[in-house]
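Chemist: Structure file coords-v2.cif (mmCIF, C-alpha atoms) is given on the next line.
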```cif
data_final
#
loop_
_atom_site.label_atom_id
_atom_site.label_comp_id
_atom_site.auth_asym_id
_atom_site.auth_seq_id
_atom_site.Cartn_x
_atom_site.Cartn_y
_atom_site.Cartn_z
CA MET A 1 -19.25 -28.29 28.43
CA THR A 2 -21.67 -25.40 29.01
CA ASN A 3 -21.08 -21.80 29.99
CA ALA A 4 -22.45 -19.99 33.03
CA ARG A 5 -25.73 -19.24 31.25
CA GLY A 6 -26.29 -22.92 30.55
CA ARG A 7 -25.79 -22.71 26.80
CA PRO A 8 -23.42 -24.98 24.85
CA HIS A 9 -20.31 -23.28 23.48
CA ALA A 10 -21.38 -23.80 19.86
CA SER A 11 -24.83 -22.36 20.55
CA SER A 12 -23.34 -19.20 22.07
CA CYS A 13 -20.97 -18.75 19.12
CA GLU A 14 -23.79 -19.19 16.66
CA MET A 15 -26.03 -16.76 18.53
CA LEU A 16 -23.30 -14.13 18.57
CA GLN A 17 -22.50 -14.70 14.91
CA GLU A 18 -26.17 -14.43 13.90
CA ALA A 19 -26.62 -11.25 15.95
CA ALA A 20 -23.47 -9.73 14.46
CA PHE A 21 -24.50 -10.49 10.88
CA ASP A 22 -27.95 -8.98 11.40
CA LEU A 23 -26.37 -5.82 12.77
CA PHE A 24 -23.74 -5.63 10.01
CA LEU A 25 -26.55 -5.66 7.45
CA GLU A 26 -28.48 -3.01 9.38
CA ASN A 27 -25.65 -0.67 10.38
CA GLY A 28 -22.62 -1.72 8.36
CA TYR A 29 -19.56 -3.35 9.86
CA ALA A 30 -17.97 -0.10 11.12
CA GLY A 31 -21.28 1.08 12.60
CA THR A 32 -21.69 -2.02 14.75
CA THR A 33 -20.08 -2.40 18.17
CA VAL A 34 -19.34 -5.46 20.25
CA THR A 35 -21.75 -4.13 22.87
CA GLN A 36 -24.55 -3.99 20.31
CA ILE A 37 -23.78 -7.55 19.24
CA THR A 38 -23.89 -8.88 22.80
CA GLN A 39 -27.09 -6.99 23.56
CA ARG A 40 -28.74 -8.42 20.44
CA ALA A 41 -27.56 -11.93 21.36
CA GLY A 42 -28.54 -11.52 25.02
CA VAL A 43 -25.09 -12.31 26.43
CA SER A 44 -22.35 -10.35 28.17
CA ARG A 45 -19.26 -8.75 26.65
CA ALA A 46 -17.22 -11.25 28.64
CA THR A 47 -19.04 -14.07 26.86
CA PHE A 48 -18.21 -12.51 23.50
CA PHE A 49 -14.52 -12.32 24.32
CA ASN A 50 -14.54 -15.89 25.60
CA TYR A 51 -15.13 -16.92 22.00
CA PHE A 52 -13.66 -14.13 19.89
CA SER A 53 -10.61 -11.92 20.22
CA ALA A 54 -12.04 -9.20 17.96
CA LYS A 55 -15.26 -8.20 16.21
CA SER A 56 -13.98 -9.42 12.86
CA ASP A 57 -13.52 -12.97 14.20
CA VAL A 58 -17.26 -13.61 13.97
CA PHE A 59 -16.87 -13.88 10.19
CA TRP A 60 -14.46 -16.77 10.38
CA ILE A 61 -16.04 -19.49 12.54
CA ASP A 62 -16.50 -21.85 9.58
CA LEU A 63 -13.15 -20.92 8.03
CA ASP A 64 -11.35 -21.38 11.35
CA ASP A 65 -12.77 -24.89 11.58
CA VAL A 66 -11.29 -25.69 8.17
CA LEU A 67 -7.94 -24.09 8.99
CA ALA A 68 -7.73 -26.08 12.21
CA ARG A 69 -8.07 -29.28 10.19
CA LEU A 70 -5.30 -28.49 7.70
CA PRO A 71 -2.31 -29.50 9.88
CA HIS A 72 -4.02 -32.84 10.50
CA THR A 73 -4.75 -33.55 6.84
CA LEU A 74 -1.16 -32.60 5.96
CA ALA A 75 0.15 -34.94 8.68
CA GLU A 76 -1.94 -37.75 7.20
CA ALA A 77 -0.64 -37.18 3.64
CA ASP A 78 0.97 -40.17 1.92
CA ALA A 79 4.75 -39.75 2.15
CA ARG A 80 5.12 -41.62 -1.15
CA GLU A 81 2.98 -39.13 -3.06
CA PRO A 82 4.68 -36.17 -4.82
CA VAL A 83 4.73 -33.29 -2.38
CA MET A 84 2.53 -30.89 -4.35
CA HIS A 85 -0.09 -33.55 -5.03
CA ALA A 86 -0.05 -34.41 -1.32
CA MET A 87 -0.40 -30.75 -0.33
CA CYS A 88 -3.30 -30.09 -2.70
CA SER A 89 -5.09 -33.26 -1.61
CA ALA A 90 -4.69 -32.21 2.02
CA ILE A 91 -6.19 -28.77 1.31
CA VAL A 92 -9.20 -30.34 -0.39
CA ALA A 93 -9.63 -32.86 2.45
CA ALA A 94 -9.57 -30.07 5.05
CA SER A 95 -12.43 -28.28 3.28
CA THR A 96 -14.99 -31.09 3.37
CA SER A 97 -16.95 -29.47 6.21
CA LEU A 98 -18.00 -26.69 3.82
CA GLY A 99 -20.85 -27.47 1.45
CA PRO A 100 -23.59 -25.76 -0.54
CA ALA A 101 -25.54 -24.97 2.62
CA LYS A 102 -22.49 -23.90 4.65
CA VAL A 103 -20.75 -20.97 2.98
CA PRO A 104 -18.72 -18.45 5.01
CA TRP A 105 -20.97 -15.40 5.30
CA ALA A 106 -18.26 -12.94 4.29
CA LEU A 107 -18.01 -14.57 0.85
CA THR A 108 -21.64 -13.87 0.00
CA HIS A 109 -22.28 -10.57 1.83
CA LEU A 110 -18.98 -8.72 1.58
CA SER A 111 -20.36 -5.86 -0.52
CA MET A 112 -23.18 -5.24 1.96
CA ILE A 113 -21.18 -4.47 5.09
CA GLY A 114 -19.36 -1.28 4.14
CA ASP A 115 -15.81 -0.74 5.40
CA ILE A 116 -13.93 -4.04 5.08
CA GLY A 117 -10.37 -3.03 5.99
CA GLU A 118 -10.41 -4.77 9.36
CA LEU A 119 -12.11 -7.80 7.85
CA GLN A 120 -9.45 -8.09 5.15
CA SER A 121 -6.71 -7.73 7.76
CA SER A 122 -8.14 -10.52 9.89
CA ALA A 123 -8.48 -12.76 6.83
CA MET A 124 -4.91 -12.10 5.69
CA SER A 125 -3.46 -12.91 9.11
CA ARG A 126 -5.19 -16.29 9.01
CA LEU A 127 -4.14 -17.03 5.44
CA ALA A 128 -0.53 -15.99 6.04
CA CYS A 129 -0.39 -18.43 8.95
CA GLN A 130 -1.66 -21.21 6.69
CA ALA A 131 0.89 -20.28 4.03
CA ARG A 132 3.65 -20.80 6.60
CA ILE A 133 2.20 -24.21 7.49
CA LEU A 134 2.12 -25.20 3.80
CA SER A 135 5.63 -23.87 3.21
CA GLU A 136 7.01 -25.89 6.11
CA PHE A 137 5.25 -29.02 4.82
CA ILE A 138 6.84 -28.62 1.39
CA THR A 139 10.26 -27.82 2.85
CA ARG A 140 10.22 -30.93 5.04
CA ARG A 141 9.63 -33.02 1.92
CA ILE A 142 12.09 -31.37 -0.51
CA GLY A 143 14.81 -30.20 1.87
CA ARG A 144 16.24 -26.88 2.92
CA GLY A 145 18.43 -24.44 1.09
CA SER A 146 17.85 -21.21 -0.81
CA GLU A 147 16.20 -22.74 -3.87
CA PRO A 148 13.96 -25.33 -2.13
CA GLU A 149 12.81 -22.81 0.46
CA LEU A 150 12.05 -20.20 -2.20
CA ILE A 151 10.01 -22.73 -4.15
CA ALA A 152 8.19 -23.77 -0.98
CA LYS A 153 7.29 -20.20 -0.03
CA ALA A 154 6.20 -19.26 -3.54
CA ALA A 155 4.12 -22.43 -3.88
CA SER A 156 2.44 -21.98 -0.51
CA PHE A 157 1.35 -18.39 -1.17
CA ALA A 158 0.25 -19.33 -4.69
CA ALA A 159 -1.83 -22.14 -3.19
CA ILE A 160 -3.52 -19.68 -0.83
CA GLY A 161 -4.31 -17.45 -3.81
CA ALA A 162 -5.80 -20.41 -5.66
CA VAL A 163 -7.91 -21.30 -2.62
CA ILE A 164 -9.24 -17.73 -2.38
CA ALA A 165 -10.15 -17.73 -6.08
CA ALA A 166 -11.85 -21.12 -5.79
CA ALA A 167 -13.80 -20.13 -2.68
CA GLN A 168 -15.07 -16.92 -4.24
CA ALA A 169 -16.08 -18.68 -7.47
CA TRP A 170 -17.86 -21.32 -5.39
CA ALA A 171 -19.72 -18.70 -3.35
CA ASP A 172 -20.65 -16.72 -6.48
CA ALA A 173 -22.21 -19.83 -8.04
CA SER A 174 -25.13 -19.42 -5.61
CA THR A 175 -27.71 -22.22 -5.79
CA THR A 176 -25.69 -24.14 -8.40
CA ARG A 177 -22.50 -24.17 -6.37
CA GLY A 178 -22.50 -27.76 -5.07
CA GLU A 179 -19.47 -28.83 -3.05
CA LEU A 180 -16.33 -26.70 -2.63
CA ALA A 181 -13.91 -29.57 -3.38
CA PRO A 182 -14.24 -29.52 -7.21
CA TYR A 183 -13.55 -25.77 -7.26
CA LEU A 184 -10.45 -26.24 -5.13
CA SER A 185 -9.21 -29.10 -7.26
CA ALA A 186 -9.68 -27.10 -10.47
CA ALA A 187 -7.86 -24.05 -9.07
CA LEU A 188 -5.04 -26.01 -7.43
CA SER A 189 -4.36 -28.55 -10.18
CA PRO A 190 -2.37 -26.27 -12.55
CA LEU A 191 -0.32 -25.00 -9.62
CA CYS A 192 0.27 -28.52 -8.38
CA GLU A 193 1.48 -29.73 -11.77
CA GLY A 194 3.67 -26.72 -12.49
CA VAL A 195 5.42 -26.55 -9.15
CA GLN A 196 5.86 -30.30 -8.95
CA SER A 197 7.60 -30.18 -12.32
CA ALA A 198 9.96 -27.48 -11.01
CA ILE A 199 10.67 -29.54 -7.89
CA ASP A 200 11.37 -32.63 -9.96
CA SER A 201 13.78 -30.67 -12.16
CA MET A 202 15.56 -29.25 -9.14
CA GLN A 203 15.94 -32.65 -7.53
CA HIS A 204 17.18 -34.15 -10.82
CA ARG A 205 19.90 -31.52 -11.02
CA GLU A 206 21.01 -32.39 -7.50
CA LEU A 207 21.55 -36.07 -8.32
#
```
Would you mind writing the file out in structure tokens?
Modeler:
Amino acid sequence: MTNARGRPHASSCEMLQEAAFDLFLENGYAGTTVTQITQRAGVSRATFFNYFSAKSDVFWIDLDDVLARLPHTLAEADAREPVMHAMCSAIVAASTSLGPAKVPWALTHLSMIGDIGELQSSAMSRLACQARILSEFITRRIGRGSEPELIAKAASFAAIGAVIAAAQAWADASTTRGELAPYLSAALSPLCEGVQSAIDSMQHREL
């Protein structure tokens, strides 16, 4: 499907993202407007808002692709596998579209864009949504009640923290970074083992 200017959707998104990043480096994030981005990209403001709801969304095209995959990889998780192992495997599987040549721009240029309050807010809203998805996945597997739901919520937010740490370490590795998956596995493994042990103990007490 193409837009009114005859460009594919992906091409328009990429053009807007590239224009935005150039301007952020030139003027800082706060000093760049949506109008400037659209003028640099050669498209209208309406085109921008067809693809993004806010200026900060241009940072998260690659991340949003990964986040959109997570519910599917969770749905495909083996029901026989311990819940935390299944969750961590699903997170790693969702990230396979990111590689050494495809790193979210915000991870490598954050210090260069100036004021990052809005950027952090947009990131946190996305990550909080994913934490709720993870929490619900765990709860469906281990049951409801005050203790299971507390474990599920704590585990899901801890997993998001581990993912952030892994992604930043991966980005900081520069040309030696390789694939993201090993970083995620290393960060998530201790969490997976510890929380799974707590879940097993809880379920043993309930028998």
Chemist: So how many Å separate atom CA of Leu119 of chain A and atom CA of Ser56 of chain A, to one decimal?
Modeler: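 Taking atom CA of Leu119 of chain A and atom CA of Ser56 of chain A, their separation equals 5.6 Å.
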Chemist: Could you write out as a ChimeraX atom specification the residues that the PyMOL selection byres ((chain A and resi 161-165) around 9) matches in the shown file?
Modeler: /A:91,156-160,166-170,183-184,187-188,191
Chemist: With a distance cut-off of 10 Å and all atoms listed in the file, select the neighbouring residues of Asp78 of chain A, excluding the residue or stretch itself and same-chain residues fewer than 4 positions from it, and output the selection as a PyMOL selection string.
Modeler: chain A and resi 74+82-83+85-87+89-90
Chemist: Kindly indicate which residue among A:Leu70, A:Leu16, A:Leu150, A:Ala123 lies nearest to Ala94 of chain A, using all atoms listed in the file for the distances.
Modeler: A:Leu70
Chemist: Between atom CA of Leu180 of chain A and atom CA of Val92 of chain A, what distance in Å does the model show, to one decimal?
Modeler: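 Atom-to-atom, atom CA of Leu180 of chain A and atom CA of Val92 of chain A are spaced 8.3 Å apart.
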Chemist: Mind giving me the axis-aligned box for segment 143-146 of chain A with 4 Å on every side, centre plus edges in Å to one decimal, as JSON?
Modeler:
```
{"center_x": 16.6, "center_y": -25.7, "center_z": 1.1, "size_x": 11.6, "size_y": 17.0, "size_z": 11.7}
```
Chemist: Interatomic distance between atom CA of Ala173 of chain A and atom CA of Val103 of chain A?
Modeler: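 These atoms are spaced 11.2 Å apart.
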Chemist: Do you know which residues are at most 10 Å from Glu18 of chain A counting only C-alpha atoms, after dropping those on the same chain fewer than 6 positions away, and could you put them as a short mmCIF file (atom, residue, chain, number, x, y, z; two decimals) with C-alpha atoms, keeping the file's coordinate frame?
Modeler:
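Generated output (part26.cif):
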```
data_model
loop_
_atom_site.label_atom_id
_atom_site.label_comp_id
_atom_site.auth_asym_id
_atom_site.auth_seq_id
_atom_site.Cartn_x
_atom_site.Cartn_y
_atom_site.Cartn_z
CA SER A 12 -23.34 -19.20 22.07
CA PHE A 24 -23.74 -5.63 10.01
CA ILE A 37 -23.78 -7.55 19.24
CA ARG A 40 -28.74 -8.42 20.44
CA ALA A 41 -27.56 -11.93 21.36
CA VAL A 58 -17.26 -13.61 13.97
#
```
Chemist: Have a look at A:Met15, A:Leu23, A:Ile142, A:Ala186 and name the one nearest to Thr47 of chain A; count all atoms listed in the file.
Modeler: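 Answer, going by the shortest atom-to-atom distance: A:Met15.
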Chemist: Residues picked by the PyMOL selection byres ((chain A and resi 108) around 12) here, as a PyMOL selection string?
Modeler: chain A and resi 21+59+102-107+109-113+167-175
Chemist: Pick out the closest residue to Cys13 of chain A from this set: A:Met84, A:Asn27, A:Arg69, A:Trp60. Count all atoms listed in the file.
Modeler: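 Once distances to Cys13 of chain A are computed over all atoms listed in the file, the minimum belongs to A:Trp60.
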Chemist: Would you write out, as a PyMOL selection string, every residue that the PyMOL selection byres ((chain A and resi 196) around 10) captures in this file?
Modeler: chain A and resi 82-85+151+155+190-195+197-202
Chemist: My list of candidates is A:Ala20, A:Met124, A:Ala154, A:Ala131. Which is closest to Thr32 of chain A when distances are computed with only C-alpha atoms?
Modeler: A:Ala20
Chemist: Here is a test: counting all atoms listed in the file, which residue of A:Ala19, A:Ala181, A:Ala75, A:Val34 is nearest to Glu136 of chain A?
Modeler: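 Answer, going by the shortest atom-to-atom distance: A:Ala75.
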Chemist: Ranking A:Pro182, A:Gly145, A:Pro71, A:Gly99 by minimum distance to Arg132 of chain A and counting all atoms listed in the file, which one comes first?
Modeler: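 When distances to Arg132 of chain A are compared using all atoms listed in the file, the smallest one comes from A:Pro71.
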